[in-house]
Every structure is written in C-alpha cells, then in structure tokens.
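**Q** Input input_8.txt, format and content: compact mmCIF, C-alpha atoms and all ligand atoms.
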# COMPACT_ATOMS: atom_id res chain seq x y z
CA MET S 1 178.64 13.89 14.28
CA ASN S 2 178.11 10.19 14.62
CA LYS S 3 175.98 9.60 11.55
CA GLU S 4 175.15 6.00 12.45
CA ARG S 5 173.20 7.16 15.49
CA LEU S 6 170.55 8.60 13.18
CA LEU S 7 168.70 5.46 12.13
CA ALA S 8 166.02 6.93 9.91
CA ALA S 9 164.04 10.01 8.93
CA VAL S 10 160.45 8.86 8.72
CA HIS S 11 158.06 10.70 6.41
CA GLY S 12 155.47 7.95 6.22
CA PRO S 13 154.79 4.36 7.26
CA ARG S 14 157.00 2.94 4.52
CA ASP S 15 160.10 4.68 5.89
CA PHE S 16 160.20 2.65 9.10
CA PRO S 17 163.21 0.40 9.35
CA PRO S 18 161.90 -3.16 9.75
CA LYS S 19 163.61 -3.91 13.05
CA ILE S 20 162.81 -1.15 15.48
CA ASP S 21 162.46 -2.26 19.06
CA ASN S 22 162.13 -0.45 22.34
CA LEU S 23 160.92 2.80 20.88
CA VAL S 24 160.58 5.84 23.14
CA ALA S 25 158.79 8.80 21.53
CA PHE S 26 159.33 12.46 22.45
CA GLY S 27 156.66 15.01 21.60
CA GLY S 28 155.77 18.57 22.47
CA ARG S 29 155.16 21.95 20.95
CA SER S 30 157.89 23.78 19.08
CA ASN S 31 160.38 25.50 21.37
CA VAL S 32 159.46 23.37 24.40
CA GLY S 33 163.11 22.31 24.74
CA LYS S 34 162.84 18.89 23.09
CA SER S 35 166.05 19.07 21.05
CA SER S 36 168.02 20.30 24.06
CA LEU S 37 166.63 17.49 26.19
CA LEU S 38 167.44 14.89 23.55
CA ASN S 39 170.94 16.34 23.21
CA SER S 40 171.47 15.88 26.96
CA LEU S 41 169.88 12.44 27.14
CA LEU S 42 171.58 11.01 24.08
CA LYS S 43 174.75 13.09 24.18
CA LEU S 44 174.10 13.84 20.55
CA PRO S 45 173.61 17.09 18.59
CA VAL S 46 170.02 16.20 17.74
CA ALA S 47 168.95 19.76 16.96
CA ARG S 48 171.54 20.08 14.24
CA ILE S 49 169.95 17.13 12.49
CA SER S 50 166.24 17.63 12.93
CA LYS S 51 166.32 21.42 12.67
CA THR S 52 168.52 21.81 9.62
CA PRO S 53 166.72 24.44 7.52
CA GLY S 54 165.09 22.96 4.47
CA ARG S 55 164.61 19.55 6.01
CA THR S 56 161.06 18.37 5.64
CA ARG S 57 158.98 17.52 8.64
CA ALA S 58 159.78 14.00 9.73
CA ILE S 59 160.12 11.72 12.72
CA TYR S 60 163.81 11.16 13.37
CA LEU S 61 164.87 7.89 14.96
CA PHE S 62 168.07 7.93 17.01
CA ASP S 63 169.93 5.07 18.64
CA SER S 64 170.31 5.94 22.33
CA ARG S 65 173.00 3.28 22.72
CA ALA S 66 171.27 2.40 25.97
CA GLY S 67 168.94 -0.30 24.68
CA TRP S 68 166.19 1.94 23.29
CA ILE S 69 165.50 4.08 20.25
CA ALA S 70 164.38 7.69 20.49
CA ALA S 71 161.65 8.86 18.11
CA ASP S 72 161.89 12.64 17.85
CA LEU S 73 158.40 13.74 16.79
CA PRO S 74 158.11 17.03 14.92
CA GLY S 75 157.33 19.93 17.24
CA PHE S 76 153.75 20.98 16.93
CA GLY S 77 153.13 24.60 16.07
CA PHE S 78 151.59 27.37 18.09
CA ALA S 79 147.93 28.39 17.74
CA ALA S 80 148.81 29.77 14.30
CA GLY S 81 149.17 26.21 12.97
CA SER S 82 146.39 25.68 10.44
CA ARG S 83 143.97 22.77 10.61
CA ASP S 84 145.85 21.19 7.73
CA ASP S 85 149.10 21.43 9.66
CA ARG S 86 147.51 19.66 12.58
CA ALA S 87 146.01 17.02 10.36
CA SER S 88 149.32 16.25 8.65
CA TRP S 89 151.14 16.19 12.02
CA LYS S 90 148.59 13.76 13.38
CA GLU S 91 148.75 11.61 10.29
CA LEU S 92 152.53 11.35 10.54
CA VAL S 93 152.47 10.54 14.24
CA ALA S 94 149.65 8.04 13.76
CA SER S 95 151.76 6.26 11.18
CA LEU S 96 154.30 5.67 13.93
CA PHE S 97 152.01 4.93 16.87
CA GLU S 98 149.57 2.72 15.06
CA GLY S 99 152.27 0.79 13.22
CA LYS S 100 154.81 0.52 16.01
CA ARG S 101 153.74 1.11 19.58
CA PRO S 102 156.33 2.98 21.61
CA LEU S 103 157.20 1.51 25.01
CA LEU S 104 156.80 4.99 26.41
CA THR S 105 155.92 8.43 25.11
CA ILE S 106 157.52 11.42 26.76
CA GLN S 107 155.18 14.37 26.58
CA LEU S 108 157.16 17.57 27.03
CA ILE S 109 155.49 20.61 28.54
CA ASP S 110 156.85 24.10 29.18
CA PRO S 111 155.63 24.72 32.74
CA ARG S 112 155.81 28.51 32.34
CA ILE S 113 153.04 28.73 29.79
CA PRO S 114 149.44 27.51 29.86
CA THR S 115 148.90 24.05 28.45
CA SER S 116 147.68 24.35 24.87
CA ASP S 117 144.74 22.55 23.27
CA PHE S 118 147.23 20.64 21.21
CA ASP S 119 149.02 19.39 24.35
CA LEU S 120 145.69 18.20 25.73
CA ASP S 121 144.75 16.62 22.41
CA PHE S 122 148.05 14.77 22.36
CA ARG S 123 147.51 13.58 25.94
CA ASP S 124 144.02 12.32 25.04
CA TYR S 125 145.30 10.68 21.89
CA LEU S 126 147.89 8.72 23.91
CA ARG S 127 145.20 7.75 26.40
CA ASP S 128 142.85 6.60 23.65
CA LEU S 129 145.56 4.34 22.27
CA ALA S 130 146.32 3.15 25.83
CA LEU S 131 149.97 4.11 25.34
CA ARG S 132 152.16 4.59 28.36
CA SER S 133 153.29 8.16 28.75
CA ALA S 134 155.24 10.40 31.08
CA CYS S 135 154.85 14.15 31.45
CA ILE S 136 158.10 16.08 31.60
CA ALA S 137 158.23 19.76 32.51
CA THR S 138 161.19 21.40 30.74
CA LYS S 139 163.40 24.41 31.54
CA ALA S 140 162.92 23.87 35.29
CA ASP S 141 165.86 26.21 35.96
CA ARG S 142 163.66 29.11 34.89
CA LEU S 143 161.14 28.64 37.70
CA ASN S 144 161.45 29.89 41.24
CA GLN S 145 160.17 27.80 44.11
CA SER S 146 156.63 29.16 44.17
CA GLU S 147 156.26 29.08 40.37
CA ARG S 148 157.39 25.49 40.44
CA SER S 149 154.89 24.38 43.05
CA GLN S 150 152.08 26.15 41.22
CA ALA S 151 153.07 24.58 37.91
CA LYS S 152 153.42 21.17 39.55
CA ALA S 153 149.92 21.32 41.02
CA ARG S 154 148.42 22.42 37.69
CA LEU S 155 150.29 19.85 35.59
CA GLU S 156 149.52 17.02 38.00
CA LYS S 157 145.84 17.78 37.53
CA GLU S 158 146.20 17.80 33.76
CA PHE S 159 148.68 14.96 33.27
CA GLY S 160 149.16 12.98 36.48
CA ASP S 161 152.76 12.68 37.64
CA VAL S 162 155.23 15.20 36.31
CA LEU S 163 159.03 15.22 36.33
CA PHE S 164 160.87 18.55 36.19
CA VAL S 165 163.99 18.61 34.05
CA SER S 166 166.51 21.17 32.92
CA SER S 167 168.88 20.63 30.04
CA ARG S 168 170.80 23.64 31.28
CA THR S 169 171.53 22.41 34.83
CA GLY S 170 171.09 18.68 34.21
CA GLU S 171 168.30 18.44 36.80
CA GLY S 172 166.07 15.42 36.24
CA ILE S 173 168.06 14.00 33.31
CA GLU S 174 169.30 10.96 35.20
CA ALA S 175 165.83 10.37 36.68
CA LEU S 176 164.38 10.45 33.17
CA ARG S 177 167.00 7.96 31.95
CA LYS S 178 166.01 5.64 34.79
CA ARG S 179 162.32 6.13 34.04
CA ILE S 180 162.96 5.02 30.45
CA GLN S 181 165.14 2.06 31.48
CA LYS S 182 162.32 0.85 33.71
CA GLU S 183 160.12 0.37 30.64
CA LEU S 184 162.55 -1.89 28.82
CA PRO S 185 161.40 -5.49 28.61
CA ASN S 186 162.91 -7.87 31.19
CA GLY S 187 164.90 -5.08 32.81
CA GLU S 188 167.13 -5.10 29.73
CA THR S 189 170.67 -4.09 30.62
CA PRO S 190 171.80 -1.04 28.72
CA LYS S 191 174.67 -1.39 26.32
CA LYS S 192 177.76 0.49 27.35
CA ARG S 193 177.41 4.23 26.64
CA ASN S 194 180.21 6.14 25.06
P1 LIG A 201 162.57 22.50 20.59
O1 LIG A 201 162.03 23.44 19.56
O2 LIG A 201 161.48 21.91 21.41
O3 LIG A 201 163.50 21.46 20.04
O4 LIG A 201 163.39 23.41 21.64
P2 LIG A 201 164.94 23.69 21.79
O5 LIG A 201 165.65 22.59 22.48
O6 LIG A 201 165.51 24.15 20.49
O7 LIG A 201 164.90 24.91 22.83
C1 LIG A 201 164.16 26.10 22.58
C2 LIG A 201 164.78 27.25 23.38
O8 LIG A 201 164.72 26.97 24.78
C3 LIG A 201 166.26 27.47 23.08
O9 LIG A 201 166.50 28.86 23.11
C4 LIG A 201 166.97 26.75 24.21
O10 LIG A 201 168.23 27.32 24.50
C5 LIG A 201 166.01 26.97 25.37
N1 LIG A 201 166.09 25.86 26.34
C6 LIG A 201 165.96 24.54 26.07
N2 LIG A 201 166.09 23.80 27.20
C7 LIG A 201 166.31 24.69 28.21
C8 LIG A 201 166.52 24.54 29.63
O11 LIG A 201 166.53 23.45 30.21
N3 LIG A 201 166.68 25.71 30.33
C9 LIG A 201 166.65 26.92 29.77
N4 LIG A 201 166.81 27.99 30.55
N5 LIG A 201 166.46 27.11 28.42
C10 LIG A 201 166.30 26.00 27.65
Show how you would write the structure in this file as structure tokens.
Ligand code: GDP
**A**
Amino acid sequence: MNKERLLAAVHGPRDFPPKIDNLVAFGGRSNVGKSSLLNSLLKLPVARISKTPGRTRAIYLFDSRAGWIAADLPGFGFAAGSRDDRASWKELVASLFEGKRPLLTIQLIDPRIPTSDFDLDFRDYLRDLALRSACIATKADRLNQSERSQAKARLEKEFGDVLFVSSRTGEGIEALRKRIQKELPNGETPKKRN
C-alpha cells in the first residue's frame, strides 16, 4: 500500500500536520460502509489502515490526490456505546472541527436502519458549527425501488438532500466526487489521479 497517502493519524489537536488544506471529513456509525466508500473514492485500502486491530481510535488523514484531504472519523458505536465513549468521540472530532474547519463533511447513513440519536446529534453539531455537510445513503444496492423511495423521503426530512451510493456497484461514487470537487476553492483543478 502507498504509505505516503496516509498523512497522519490524529489522536489529539497536537497531531495535526501544520499544512492541511481542503479537508473533507467522513463520519457515520460503525458498519455504515465508510471504509468501503473511502476505498472506492480514493482507490486506497483505507479499511486495512484504520481498522487494523490494536490501533487506537484516531482520525486518519488521507491524500485523495484530487486536491483534497479525506479525514476518516472514527465510526461511532451502536447504542451500547457508553456516555464516556461518546464524550471521547466528540472531543476528538471537536479537536478537528474547531481547529481546522472541513470544506465539507460527508455524513454517512445506512438507509435500511432507523436514524440513531447519534446520527441526529452529529447532524445538529455540524449545523451548530455552520459547517457544510452532505448526507450520503450507503449500500444503495441493498434497497429495492419502494424501500429506496421510502428511505429517501425519510432522510430528506431528517437531513435535506440525500445522495444514494453503493461501493459494491459504484452507483453515486462519481456524483460524490463531483460534489466534493465543487467545494474546492476557486474550482481548483484536481491533480492527475493514478
Ligand atoms: P465501516 O465500519 O463504516 O467502515 O463499514 P465497512 O466499509 O467496513 O462496511 C461494513 C459492511 O458493509 C461490510 O460487510 C461491507 O462489505 C458492507 N458494505 C459496505 N459497503 C457496501 C455496499 O455499498 N453494498 C453492500 N451490499 N454492502 C456494503
């Protein structure tokens, strides 16, 4: 694996590399499909890095080689997550968002399961900080037509616009890349991908 694409593992504010521009953050609950999506978007085995057993919880920064840097936020746990877990997750994420504002935060949602309190908390947190965000519904290949329209209606109420993606079929990946490019200052031209 291309080690130089992993720019940093951030455990606290002091771990941020000094020159980080055009940050795009990716957050969602564990198992939402975040690593698979990042693998498709970045053409990089992200999961192998951030999910290596024994690694401590951190925000991993990856060079997209398309003019922006991906911040892979730790997945937040299911309802079982203790208050302390939530507090330390929030503290870590706050150290990123309050120190370095992302251009865009991609909030990943699994459209097959009800939106959790944590998802709504995260949405409200982004709104409170007036951060731009985009809601992405993952694993779209698993929904039939009627499930998709139901999920779309529900998620639009909760989050506004929603883009359906599938890392398995590639649906929505190019649209998401374009959505991210649109946020880059002065319509920055992406560096050549390889
Ligand atoms: P993370 O915990 O959010 O990083 O989630 P992962 O990317 O590891 O995915 C969790 C599970 O969902 C794995 O079993 C993946 O194979 C599966 N998965 C991820 N993306 C998709 C997708 O687009 N379609 C389908 N059908 N399964 C997916």
**Q** Mind pulling up the distance from atom CA of Ser116 of chain S to atom CA of Ile69 of chain S?
**A**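 These atoms are spaced 27.4 Å apart.
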**Q** Using all atoms listed in the file, which residues have at least one atom no more than 12 Å from ligand LIG 201 (chain A)? Output them as a VMD selection string.
**A** chain S and resid 26 to 41 45 to 52 72 to 78 107 to 112 136 to 143 164 to 173
**Q** For Leu126 of chain S, find every residue with an atom within 12 Å (counting all atoms listed in the file), except residues of its own chain fewer than 5 positions away, and show them as a PyMOL selection string.
**A** chain S and resi 25+27+90+93-94+97-98+101-107+119-121+131-135+159
**Q** Contacts of Leu6 of chain S at 7 Å or less, counting only C-alpha atoms, minus same-chain residues fewer than 4 places along, as a VMD selection string?
**A** chain S and resid 61 to 63
**Q** Just checking: using all atoms listed in the file, which residue out of S:Gln181, S:Ser95, S:Ser88, S:Asn186 ends up closest to Val24 of chain S?
**A**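 Of S:Gln181, S:Ser95, S:Ser88, S:Asn186, the one nearest Val24 of chain S, counting all atoms listed in the file, is S:Gln181.
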**Q** Report, in Å to a single decimal, how far apart atom CA of Ile59 of chain S and atom CA of Leu92 of chain S are.
**A** 7.9 Å
**Q** State, in Å with one decimal place, the distance from atom CA of Leu176 of chain S to atom CA of Ser146 of chain S.
**A**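 So the two atoms, atom CA of Leu176 of chain S and atom CA of Ser146 of chain S, lie 23.0 Å apart.
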**Q** Using only C-alpha atoms, which of the listed residues (S:Thr115, S:Arg86, S:Leu184, S:Ala70) sits closest to Lys157 of chain S?
**A**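 Distance minimum relative to Lys157 of chain S lands on S:Thr115.
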